[in-house]
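Source file entry.tsv; content: TSV, C-alpha atoms and all ligand atoms.
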chain	number	residue	atom	x	y	z
A	1446	MET	CA	86.70	-319.14	-168.63
A	1447	LYS	CA	87.69	-315.72	-167.33
A	1448	PRO	CA	86.10	-314.79	-163.92
A	1449	ILE	CA	84.29	-311.79	-165.42
A	1450	ALA	CA	82.94	-313.92	-168.30
A	1451	GLY	CA	81.79	-316.62	-165.79
A	1452	LEU	CA	80.04	-313.95	-163.70
A	1453	THR	CA	78.29	-312.60	-166.80
A	1454	LEU	CA	77.15	-316.12	-167.72
A	1455	LEU	CA	75.87	-316.76	-164.20
A	1456	CYS	CA	73.98	-313.44	-164.19
A	1457	THR	CA	72.48	-314.25	-167.60
A	1458	LEU	CA	71.41	-317.72	-166.45
A	1459	GLY	CA	69.97	-316.21	-163.28
A	1460	LEU	CA	68.01	-313.64	-165.30
A	1461	ILE	CA	66.64	-316.34	-167.61
A	1462	MET	CA	65.58	-318.48	-164.60
A	1463	SER	CA	63.96	-315.48	-162.90
A	1464	LEU	CA	62.05	-314.54	-166.05
A	1465	THR	CA	60.96	-318.16	-166.50
A	1466	PHE	CA	59.75	-318.25	-162.88
A	1467	ILE	CA	57.88	-314.95	-163.24
A	1468	SER	CA	56.42	-316.15	-166.53
A	1469	CYS	CA	55.19	-319.39	-164.88
A	1470	LYS	CA	53.72	-317.45	-161.97
A	1471	ASN	CA	51.79	-315.23	-164.35
A	1472	GLN	CA	50.37	-318.09	-166.37
A	1473	GLN	CA	46.61	-318.33	-166.24
A	1474	PRO	CA	45.26	-321.30	-164.24
A	1475	ASP	CA	44.32	-324.35	-166.28
A	1476	ASN	CA	40.66	-323.89	-167.06
A	1477	SER	CA	40.33	-327.10	-169.02
A	1478	GLN	CA	38.38	-328.55	-166.09
A	1479	SER	CA	35.94	-325.64	-165.90
A	1480	PRO	CA	32.30	-326.53	-166.36
A	1481	PRO	CA	30.99	-326.37	-169.94
A	1482	VAL	CA	28.80	-323.44	-170.87
A	1483	ALA	CA	25.86	-324.16	-173.11
A	1484	PRO	CA	26.08	-321.71	-176.05
A	1485	CYS	CA	22.33	-321.16	-176.15
A	1486	ASP	CA	22.50	-319.54	-172.74
A	1487	THR	CA	24.59	-316.56	-173.75
A	1488	THR	CA	21.33	-314.64	-174.10
A	1489	LYS	CA	20.38	-315.53	-170.55
A	1490	ARG	CA	22.86	-313.51	-168.52
A	1491	ASP	CA	20.58	-311.59	-166.24
A	1492	ASN	CA	21.79	-308.60	-164.23
A	1493	GLN	CA	18.84	-308.99	-161.90
A	1494	ILE	CA	20.41	-312.05	-160.32
A	1495	ILE	CA	23.27	-310.02	-158.85
A	1496	MET	CA	21.26	-308.62	-155.95
A	1497	ALA	CA	19.79	-312.04	-155.17
A	1498	LEU	CA	23.25	-313.60	-155.07
A	1499	LEU	CA	24.70	-310.78	-153.00
A	1500	TYR	CA	21.81	-311.18	-150.57
A	1501	GLN	CA	22.60	-314.87	-150.25
A	1502	GLN	CA	26.35	-314.41	-150.00
A	1503	ARG	CA	26.75	-311.13	-148.13
A	1504	ALA	CA	23.61	-310.15	-146.24
A	1505	ALA	CA	23.76	-310.85	-142.52
A	1506	GLU	CA	19.96	-310.93	-142.71
A	1507	TYR	CA	20.10	-313.98	-145.02
A	1508	ARG	CA	22.38	-315.74	-142.56
A	1509	ALA	CA	20.05	-314.85	-139.68
A	1510	LEU	CA	17.05	-316.19	-141.62
A	1511	CYS	CA	18.77	-319.53	-142.24
A	1512	LEU	CA	19.76	-319.86	-138.59
A	1513	GLN	CA	16.18	-318.96	-137.67
A	1514	CYS	CA	14.90	-321.74	-139.94
A	1515	TYR	CA	17.20	-324.31	-138.40
A	1516	ASN	CA	16.32	-323.14	-134.88
A	1517	LEU	CA	12.66	-323.75	-135.76
A	1518	ALA	CA	13.55	-327.15	-137.23
A	1519	LYS	CA	15.26	-328.08	-133.97
A	1520	LEU	CA	12.25	-326.98	-131.90
A	1521	ARG	CA	10.00	-329.11	-134.09
A	1522	VAL	CA	12.15	-332.22	-133.74
A	1523	ASP	CA	12.39	-331.79	-129.98
A	1524	ALA	CA	8.60	-331.37	-129.73
A	1525	ALA	CA	7.91	-334.36	-132.02
A	1526	ILE	CA	9.87	-336.71	-129.79
A	1527	HIS	CA	7.50	-335.95	-126.92
A	1528	ASP	CA	4.30	-335.92	-128.99
A	1529	THR	CA	2.48	-339.16	-128.14
A	1530	ALA	CA	0.14	-338.78	-131.14
A	1531	LEU	CA	3.11	-339.29	-133.47
A	1532	TYR	CA	3.84	-342.72	-131.98
A	1533	LYS	CA	0.49	-344.22	-133.02
A	1534	SER	CA	1.83	-345.65	-136.26
A	1535	LYS	CA	4.71	-347.34	-134.38
A	1536	MET	CA	7.04	-346.34	-137.24
A	1537	PRO	CA	10.37	-344.57	-136.68
A	1538	PHE	CA	10.58	-340.83	-137.29
A	1539	ALA	CA	12.05	-339.22	-140.38
A	1540	VAL	CA	13.11	-335.71	-141.36
A	1541	ILE	CA	13.03	-334.88	-145.08
A	1542	THR	CA	15.15	-332.13	-146.50
A	1543	ASP	CA	15.83	-330.62	-149.88
A	1544	LEU	CA	19.50	-329.96	-150.67
A	1545	ASP	CA	20.10	-326.96	-152.96
A	1546	GLU	CA	19.64	-323.62	-151.19
A	1547	THR	CA	18.28	-325.51	-148.17
A	1548	ALA	CA	21.31	-327.50	-146.99
A	1549	LEU	CA	23.79	-326.71	-149.79
A	1550	ASP	CA	24.81	-323.26	-151.03
A	1551	ASN	CA	25.31	-323.13	-154.81
A	1552	SER	CA	25.52	-319.34	-155.11
A	1553	GLY	CA	29.17	-319.55	-156.18
A	1554	ASN	CA	28.15	-321.51	-159.26
A	1555	GLU	CA	25.39	-319.01	-160.10
A	1556	ALA	CA	27.95	-316.20	-159.81
A	1557	TRP	CA	30.39	-318.15	-162.01
A	1558	LEU	CA	27.68	-318.59	-164.64
A	1559	TYR	CA	26.96	-314.86	-164.55
A	1560	ASN	CA	30.63	-314.13	-165.17
A	1561	GLN	CA	30.52	-316.54	-168.11
A	1562	ASP	CA	27.61	-314.55	-169.63
A	1563	SER	CA	25.37	-317.53	-169.00
A	1564	ALA	CA	22.75	-318.99	-166.70
A	1565	TYR	CA	21.43	-322.30	-165.38
A	1566	THR	CA	21.27	-325.40	-167.56
A	1567	GLN	CA	20.80	-328.96	-166.33
A	1568	LYS	CA	24.01	-329.99	-168.10
A	1569	GLU	CA	26.10	-327.35	-166.37
A	1570	PHE	CA	24.45	-328.01	-163.00
A	1571	ASP	CA	25.22	-331.74	-163.31
A	1572	TYR	CA	28.84	-330.83	-163.99
A	1573	TRP	CA	28.89	-328.50	-160.98
A	1574	SER	CA	27.29	-331.21	-158.82
A	1575	ILE	CA	30.08	-333.61	-159.76
A	1576	HIS	CA	33.12	-331.32	-159.97
A	1577	GLY	CA	32.14	-328.22	-157.99
A	1578	LYS	CA	32.19	-327.57	-154.31
A	1579	ALA	CA	28.97	-326.35	-152.76
A	1580	GLY	CA	29.01	-324.70	-149.36
A	1581	ALA	CA	26.77	-325.48	-146.40
A	1582	VAL	CA	23.76	-323.25	-145.73
A	1583	PRO	CA	24.25	-321.56	-142.33
A	1584	GLY	CA	23.05	-323.77	-139.49
A	1585	SER	CA	22.49	-326.83	-141.68
A	1586	VAL	CA	25.33	-329.10	-140.58
A	1587	ALA	CA	24.75	-328.36	-136.88
A	1588	PHE	CA	21.03	-329.10	-137.17
A	1589	PHE	CA	21.35	-332.39	-139.04
A	1590	ARG	CA	24.07	-333.58	-136.69
A	1591	TYR	CA	21.79	-332.72	-133.78
A	1592	ALA	CA	18.88	-334.64	-135.33
A	1593	ASP	CA	21.20	-337.55	-136.11
A	1594	GLU	CA	22.22	-337.89	-132.47
A	1595	LEU	CA	18.67	-337.74	-131.11
A	1596	LYS	CA	16.71	-340.81	-130.07
A	1597	ASP	CA	12.95	-341.02	-129.83
A	1598	LYS	CA	11.18	-342.23	-126.66
A	1599	LEU	CA	11.61	-345.82	-127.86
A	1600	GLY	CA	15.36	-345.34	-128.28
A	1601	ARG	CA	15.25	-345.25	-132.10
A	1602	LYS	CA	17.28	-342.95	-134.33
A	1603	ILE	CA	15.66	-340.33	-136.53
A	1604	ASP	CA	16.26	-341.04	-140.22
A	1605	ILE	CA	17.23	-338.12	-142.43
A	1606	TYR	CA	16.30	-338.29	-146.13
A	1607	TYR	CA	17.93	-335.99	-148.64
A	1608	ILE	CA	15.29	-335.63	-151.37
A	1609	SER	CA	16.74	-333.48	-154.13
A	1610	ASN	CA	15.98	-332.76	-157.78
A	1611	ARG	CA	19.64	-333.19	-158.59
A	1612	THR	CA	20.00	-335.82	-161.32
A	1613	ASP	CA	19.67	-339.39	-160.12
A	1614	SER	CA	22.98	-340.62	-161.53
A	1615	ILE	CA	25.79	-342.43	-159.75
A	1616	PRO	CA	28.41	-339.69	-160.39
A	1617	VAL	CA	26.08	-336.94	-159.15
A	1618	ILE	CA	24.99	-338.85	-156.07
A	1619	ASP	CA	28.48	-340.09	-155.18
A	1620	SER	CA	30.02	-336.66	-155.59
A	1621	THR	CA	27.22	-334.95	-153.65
A	1622	MET	CA	27.61	-337.48	-150.84
A	1623	GLY	CA	31.38	-336.96	-150.84
A	1624	GLN	CA	31.05	-333.18	-150.66
A	1625	MET	CA	28.44	-333.37	-147.91
A	1626	LYS	CA	30.54	-335.83	-145.94
A	1627	SER	CA	33.46	-333.37	-146.03
A	1628	LEU	CA	31.13	-330.61	-144.84
A	1629	GLY	CA	30.11	-332.78	-141.88
A	1630	PHE	CA	26.56	-333.83	-142.78
A	1631	PRO	CA	25.41	-337.11	-141.16
A	1632	GLN	CA	23.79	-340.26	-142.56
A	1633	MET	CA	25.80	-340.19	-145.78
A	1634	GLU	CA	24.49	-343.51	-147.00
A	1635	ARG	CA	23.08	-344.21	-150.46
A	1636	PRO	CA	19.52	-345.15	-149.34
A	1637	HIS	CA	19.18	-341.73	-147.71
A	1638	PHE	CA	19.62	-339.96	-151.06
A	1639	LEU	CA	16.55	-339.80	-153.29
A	1640	PHE	CA	17.39	-337.79	-156.41
A	1641	LYS	CA	15.24	-337.08	-159.44
A	1642	PRO	CA	15.08	-339.86	-162.04
A	1643	SER	CA	15.89	-338.36	-165.43
A	1644	ALA	CA	12.45	-338.82	-166.97
A	1645	ALA	CA	10.52	-337.81	-163.87
A	1646	LYS	CA	8.78	-334.52	-163.30
A	1647	SER	CA	9.86	-332.18	-160.54
A	1648	SER	CA	7.31	-333.51	-158.07
A	1649	LYS	CA	8.88	-335.13	-155.03
A	1650	GLU	CA	5.64	-336.75	-153.85
A	1651	ALA	CA	6.50	-340.30	-154.99
A	1652	ARG	CA	9.82	-340.12	-153.15
A	1653	ARG	CA	8.14	-338.70	-150.05
A	1654	GLN	CA	5.69	-341.61	-150.17
A	1655	LEU	CA	8.58	-344.08	-150.27
A	1656	VAL	CA	9.83	-342.58	-147.00
A	1657	ALA	CA	6.31	-342.39	-145.54
A	1658	ALA	CA	5.79	-346.11	-146.18
A	1659	GLY	CA	8.21	-346.89	-143.37
A	1660	HIS	CA	8.33	-343.72	-141.29
A	1661	THR	CA	6.38	-341.02	-139.57
A	1662	ILE	CA	7.60	-337.86	-141.28
A	1663	ILE	CA	7.91	-335.22	-138.58
A	1664	GLU	CA	9.12	-332.27	-140.64
A	1665	LEU	CA	10.19	-331.18	-144.13
A	1666	LEU	CA	12.67	-328.48	-145.11
A	1667	GLY	CA	13.03	-326.71	-148.45
A	1668	ASP	CA	13.43	-323.44	-150.34
A	1669	ASN	CA	10.80	-324.32	-152.95
A	1670	LEU	CA	7.27	-325.17	-151.86
A	1671	ILE	CA	7.23	-328.39	-153.90
A	1672	ASP	CA	9.91	-329.62	-151.48
A	1673	LEU	CA	7.26	-329.78	-148.76
A	1674	THR	CA	3.92	-331.03	-150.07
A	1675	LYS	CA	2.19	-332.06	-153.29
A	1676	VAL	CA	-0.20	-329.15	-152.73
A	1677	PHE	CA	2.26	-327.01	-154.70
A	1678	ASP	CA	2.93	-329.47	-157.54
A	1679	ASN	CA	2.01	-328.02	-160.94
A	1680	THR	CA	1.36	-324.55	-159.56
A	1681	ALA	CA	4.41	-322.85	-161.05
A	1682	SER	CA	2.23	-321.13	-163.66
A	1683	ASP	CA	0.05	-319.36	-161.13
A	1684	SER	CA	1.43	-317.17	-158.35
A	1685	THR	CA	-2.07	-316.31	-157.07
A	1686	THR	CA	-2.92	-319.98	-156.48
A	1687	ARG	CA	0.44	-320.53	-154.83
A	1688	ARG	CA	-0.16	-317.69	-152.35
A	1689	LYS	CA	-3.71	-318.90	-151.59
A	1690	ARG	CA	-2.47	-322.40	-150.89
A	1691	VAL	CA	0.19	-321.02	-148.57
A	1692	ASP	CA	-2.54	-319.24	-146.62
A	1693	SER	CA	-4.53	-322.50	-146.38
A	1694	LEU	CA	-1.59	-324.07	-144.54
A	1695	THR	CA	-0.89	-321.20	-142.16
A	1696	ALA	CA	-0.44	-323.40	-139.08
A	1697	GLU	CA	2.22	-325.56	-140.74
A	1698	TRP	CA	4.83	-322.90	-141.56
A	1699	GLY	CA	7.67	-322.91	-139.08
A	1700	SER	CA	6.25	-326.15	-137.68
A	1701	LYS	CA	5.98	-329.16	-140.00
A	1702	TYR	CA	7.20	-327.12	-142.96
A	1703	ILE	CA	10.39	-325.03	-142.74
A	1704	VAL	CA	10.93	-322.69	-145.72
A	1705	PHE	CA	14.30	-321.17	-146.60
A	1706	PRO	CA	14.90	-317.90	-148.48
A	1707	ASN	CA	15.97	-318.15	-152.12
A	1708	ALA	CA	15.60	-314.99	-154.19
A	1709	ALA	CA	17.80	-316.31	-157.03
A	1710	TYR	CA	15.54	-318.99	-158.51
A	1711	GLY	CA	12.58	-321.27	-157.88
A	1712	ASP	CA	8.96	-321.86	-158.84
A	1713	TRP	CA	8.15	-318.39	-157.49
A	1714	GLU	CA	10.07	-316.93	-160.46
A	1715	GLU	CA	8.56	-319.29	-163.02
A	1716	ALA	CA	5.12	-318.20	-161.80
A	1717	LEU	CA	5.86	-314.64	-162.90
A	1718	TYR	CA	5.91	-315.63	-166.55
A	1719	LYS	CA	2.93	-316.31	-168.79
A	1720	ASN	CA	1.89	-319.97	-168.64
A	1721	GLY	CA	4.77	-320.56	-166.26
A	1722	THR	CA	7.35	-320.94	-169.00
A	1723	TYR	CA	10.69	-319.28	-169.28
A	1724	SER	CA	11.16	-317.20	-172.42
A	1725	SER	CA	13.71	-314.86	-173.91
A	1726	LEU	CA	15.33	-312.56	-171.38
A	1727	ASP	CA	13.67	-309.48	-172.87
A	1728	LYS	CA	10.21	-311.06	-172.63
A	1729	GLU	CA	10.89	-312.22	-169.08
A	1730	LYS	CA	11.90	-308.69	-168.09
A	1731	ALA	CA	8.70	-307.28	-169.60
A	1732	MET	CA	6.55	-309.85	-167.78
A	1733	ARG	CA	8.26	-309.10	-164.48
A	1734	ILE	CA	7.40	-305.43	-164.83
A	1735	GLN	CA	3.79	-306.31	-165.68
A	1736	ASP	CA	3.61	-308.37	-162.48
A	1737	LEU	CA	4.64	-305.51	-160.20
A	1738	LYS	CA	1.95	-304.27	-157.88
A	1739	VAL	CA	2.16	-300.53	-158.33
A	1740	TYR	CA	0.73	-297.99	-155.92
A	1741	SER	CA	-1.93	-295.68	-157.30
A	1742	LEU	CA	-3.39	-292.59	-155.65
A	1743	LYS	CA	-6.87	-293.69	-156.83
A	1744	THR	CA	-6.85	-297.35	-155.97
A	1745	GLY	CA	-4.02	-297.77	-153.46
A	1746	LEU	CA	-1.82	-300.80	-153.83
B	1	MG	MG	16.28	-326.27	-153.32

Represent the structure contained in this file as structure tokens.
Amino acid sequence: MKPIAGLTLLCTLGLIMSLTFISCKNQQPDNSQSPPVAPCDTTKRDNQIIMALLYQQRAAEYRALCLQCYNLAKLRVDAAIHDTALYKSKMPFAVITDLDETALDNSGNEAWLYNQDSAYTQKEFDYWSIHGKAGAVPGSVAFFRYADELKDKLGRKIDIYYISNRTDSIPVIDSTMGQMKSLGFPQMERPHFLFKPSAAKSSKEARRQLVAAGHTIIELLGDNLIDLTKVFDNTASDSTTRRKRVDSLTAEWGSKYIVFPNAAYGDWEEALYKNGTYSSLDKEKAMRIQDLKVYSLKTGL
């Protein structure tokens, strides 16, 4: 082979290798593992969720509110330890917390769904729970680690129970526990996870009672009022009743009950719709507008 011909061959090979490398670099990532999107939800993409998600992901005020909630939770635990009335039952103390949008941040999945022209389904959320990677709500890991290290006046640990309406299946629970362990949450043991049995309703009361059978529950944390007390069970069709019941428990907010902000979803949204049922997106939009309290020069707000 002549030197010039060899050089040409080498240059050609080099060009082919470079193009192959560039081509590989530009290949789209393998999306075969992406969560499935239920076809029926392509009518559910809702532009109104964008502001709620941006508030959760970008607003410093959201972050401050979460830290405020966990500061209150810490004050409550500290006070409970010294509250002699709480020792009457002789049972150890427990803290109950919800997971999604209370301890775990799923806003990335909601944003992904929006980009897929879709919205929440149980099937997709199960997939996300198993294969996705939720973040930690600001302040959550630090608070639960603090509570985990505390001892009551009798030298007993405080038990933390993660009561969530995630599906009560081994893959969902195992994966949730694995993700939370990597985030640094304490008490990552199976009996501390009480998820929703598939046939059960959303109420968490039966699971709270299981905890209450062996503990004095000193506080409850959640972004949805049904996370805290049965008083709000079956009220998702009536926003007026929900607000009245909140007022009847005024002394408990920021004390026994710690509520986290969630403008993206929850019973508060369901209560906007007639009979508390989700409908087509167009009908939902119309019902939202009907629910607005509009200022009037004659009647005020
Ligand atoms: Mg929640």

Legend entry - Nearby residues (only C-alpha atoms) at most 12 Å from Met1622 of chain A, same-chain spacing under 6 positions excluded, as a PyMOL selection string: chain A and resi 1544+1549+1574-1575+1578-1579+1607+1611+1615-1616+1628-1640

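For the atom pair formed by atom CA of Gly1580 of chain A and atom CA of Asp1712 of chain A, the distance is 22.4 Å, given to one decimal.
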
Set out as JSON lines a contact list for chain A and ligand MG 1 (chain B) with a cut-off of 8 Å, giving each residue of chain A that qualifies its closest atom pair and distance in Å to one decimal, counting all atoms listed in the file, ordered by chain and rising residue number.
{"residue": "A:Asp1543", "atom": "CA", "partner": "B:MG1", "partner_atom": "MG", "distance": 5.6}
{"residue": "A:Leu1544", "atom": "CA", "partner": "B:MG1", "partner_atom": "MG", "distance": 5.6}
{"residue": "A:Asp1545", "atom": "CA", "partner": "B:MG1", "partner_atom": "MG", "distance": 3.9}
{"residue": "A:Glu1546", "atom": "CA", "partner": "B:MG1", "partner_atom": "MG", "distance": 4.8}
{"residue": "A:Thr1547", "atom": "CA", "partner": "B:MG1", "partner_atom": "MG", "distance": 5.6}
{"residue": "A:Ser1609", "atom": "CA", "partner": "B:MG1", "partner_atom": "MG", "distance": 7.3}
{"residue": "A:Asn1610", "atom": "CA", "partner": "B:MG1", "partner_atom": "MG", "distance": 7.9}
{"residue": "A:Gly1667", "atom": "CA", "partner": "B:MG1", "partner_atom": "MG", "distance": 5.9}
{"residue": "A:Asp1668", "atom": "CA", "partner": "B:MG1", "partner_atom": "MG", "distance": 5.0}
{"residue": "A:Asn1669", "atom": "CA", "partner": "B:MG1", "partner_atom": "MG", "distance": 5.8}
{"residue": "A:Asp1672", "atom": "CA", "partner": "B:MG1", "partner_atom": "MG", "distance": 7.4}
{"residue": "A:Gly1711", "atom": "CA", "partner": "B:MG1", "partner_atom": "MG", "distance": 7.7}

Inset, instruction - For atom CA of Ile1608 of chain A and atom CA of Asp1571 of chain A, determine how far apart the two atoms are, in Å to one decimal place. - result: 16.0 Å

Legend entry - Residue neighbourhood segment 1648-1663 of chain A, 10 Å, all atoms listed in the file, exclusion window fewer than 6 positions, as a PyMOL selection string: chain A and resi 1518+1521-1522+1524-1526+1531-1541+1543+1603-1606+1608-1610+1637+1639-1641+1671-1679+1700-1702

Inset, instruction - Would you kindly return, as a list in words, each protein, DNA or RNA residue with an atom no farther than 10 Å from any atom of Tyr1515 of chain A, considering all atoms listed in the file and excluding same-chain residues fewer than 6 positions away? - result: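 Once the adjacent positions are removed, what remains is Ala1509, Arg1521, Thr1547, Val1582, Pro1583, Gly1584, Ser1585, Val1586, Ala1587, Phe1588, Phe1589, Leu1666, Gly1699, Ile1703, Val1704 and Phe1705 of chain A.
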
Legend entry - A:Lys1626, A:Lys1743, A:Lys1489, A:Arg1503 ranked by distance to Asp1727 of chain A, top pick (using all atoms listed in the file):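 Nearest candidate to Asp1727 of chain A out of A:Lys1626, A:Lys1743, A:Lys1489, A:Arg1503: A:Lys1489.
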
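Protein and nucleic acid residues near (21.8, -317.7, -154.9) are A:Ile1494, A:Ile1495, A:Met1496, A:Ala1497, A:Leu1498, A:Leu1499, A:Tyr1500, A:Gln1501, A:Gln1502, A:Asp1545, A:Glu1546, A:Asp1550, A:Asn1551, A:Ser1552, A:Gly1553, A:Asn1554, A:Glu1555, A:Ala1556, A:Pro1706, A:Asn1707, A:Ala1708, A:Ala1709, A:Tyr1710, the criterion being any atom at most 10 Å away using only C-alpha atoms.
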
Inset, instruction - Using all atoms listed in the file, find the one residue out of A:Val1617, A:Lys1519, A:Ile1734, A:Ala1681 that sits nearest to Asp1593 of chain A. - result: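 Smallest separation from Asp1593 of chain A among the options: A:Lys1519.
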
Inset, instruction - Record the distance separating atom CA of Ser1647 of chain A and atom CA of Phe1570 of chain A, expressed in Å with one decimal. - result: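 For atom CA of Ser1647 of chain A relative to atom CA of Phe1570 of chain A, the distance reads 15.4 Å.
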
Mind rebuilding segment 1551-1570 of chain A with N, CA, C and O atoms and writing that out as a compact mmCIF listing (two decimals), keeping the file's coordinate frame?
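Below is the file selection-v2.txt, written as the result:
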# COMPACT_ATOMS: atom_id res chain seq x y z
N ASN A 1551 24.75 -323.08 -153.45
CA ASN A 1551 25.31 -323.13 -154.81
C ASN A 1551 25.51 -321.74 -155.40
O ASN A 1551 25.69 -321.59 -156.62
N SER A 1552 25.48 -320.70 -154.57
CA SER A 1552 25.52 -319.34 -155.11
C SER A 1552 26.82 -319.07 -155.87
O SER A 1552 26.84 -318.26 -156.81
N GLY A 1553 27.90 -319.74 -155.48
CA GLY A 1553 29.17 -319.55 -156.18
C GLY A 1553 29.09 -319.99 -157.62
O GLY A 1553 29.70 -319.39 -158.52
N ASN A 1554 28.32 -321.04 -157.88
CA ASN A 1554 28.15 -321.51 -159.26
C ASN A 1554 27.28 -320.54 -160.05
O ASN A 1554 27.56 -320.25 -161.22
N GLU A 1555 26.24 -320.01 -159.42
CA GLU A 1555 25.39 -319.01 -160.10
C GLU A 1555 26.22 -317.78 -160.46
O GLU A 1555 26.06 -317.21 -161.54
N ALA A 1556 27.10 -317.38 -159.55
CA ALA A 1556 27.95 -316.20 -159.81
C ALA A 1556 28.94 -316.51 -160.93
O ALA A 1556 29.22 -315.67 -161.78
N TRP A 1557 29.46 -317.73 -160.94
CA TRP A 1557 30.39 -318.15 -162.01
C TRP A 1557 29.67 -318.10 -163.36
O TRP A 1557 30.21 -317.59 -164.35
N LEU A 1558 28.45 -318.61 -163.39
CA LEU A 1558 27.68 -318.59 -164.64
C LEU A 1558 27.48 -317.16 -165.12
O LEU A 1558 27.59 -316.86 -166.30
N TYR A 1559 27.17 -316.27 -164.18
CA TYR A 1559 26.96 -314.86 -164.55
C TYR A 1559 28.22 -314.32 -165.21
O TYR A 1559 28.17 -313.64 -166.24
N ASN A 1560 29.36 -314.61 -164.61
CA ASN A 1560 30.63 -314.13 -165.17
C ASN A 1560 30.94 -314.75 -166.52
O ASN A 1560 31.74 -314.20 -167.29
N GLN A 1561 30.33 -315.89 -166.81
CA GLN A 1561 30.52 -316.54 -168.11
C GLN A 1561 29.45 -316.08 -169.11
O GLN A 1561 29.31 -316.69 -170.18
N ASP A 1562 28.67 -315.04 -168.75
CA ASP A 1562 27.61 -314.55 -169.63
C ASP A 1562 26.56 -315.63 -169.87
O ASP A 1562 26.04 -315.78 -170.98
N SER A 1563 26.26 -316.40 -168.84
CA SER A 1563 25.37 -317.53 -169.00
C SER A 1563 24.41 -317.64 -167.82
O SER A 1563 24.31 -316.73 -167.00
N ALA A 1564 23.70 -318.74 -167.79
CA ALA A 1564 22.75 -318.99 -166.70
C ALA A 1564 22.54 -320.49 -166.60
O ALA A 1564 23.11 -321.27 -167.37
N TYR A 1565 21.65 -320.88 -165.69
CA TYR A 1565 21.43 -322.30 -165.38
C TYR A 1565 21.10 -323.15 -166.62
O TYR A 1565 20.27 -322.77 -167.44
N THR A 1566 21.75 -324.30 -166.71
CA THR A 1566 21.27 -325.40 -167.56
C THR A 1566 21.46 -326.68 -166.75
O THR A 1566 22.32 -326.74 -165.87
N GLN A 1567 20.67 -327.69 -167.06
CA GLN A 1567 20.80 -328.96 -166.33
C GLN A 1567 22.19 -329.55 -166.53
O GLN A 1567 22.81 -330.08 -165.61
N LYS A 1568 22.70 -329.41 -167.78
CA LYS A 1568 24.01 -329.99 -168.10
C LYS A 1568 25.11 -329.35 -167.24
O LYS A 1568 25.96 -330.04 -166.66
N GLU A 1569 25.07 -328.03 -167.16
CA GLU A 1569 26.10 -327.35 -166.37
C GLU A 1569 25.92 -327.68 -164.90
O GLU A 1569 26.89 -327.89 -164.18
N PHE A 1570 24.66 -327.75 -164.43
CA PHE A 1570 24.45 -328.01 -163.00
C PHE A 1570 24.90 -329.43 -162.63
O PHE A 1570 25.44 -329.66 -161.54
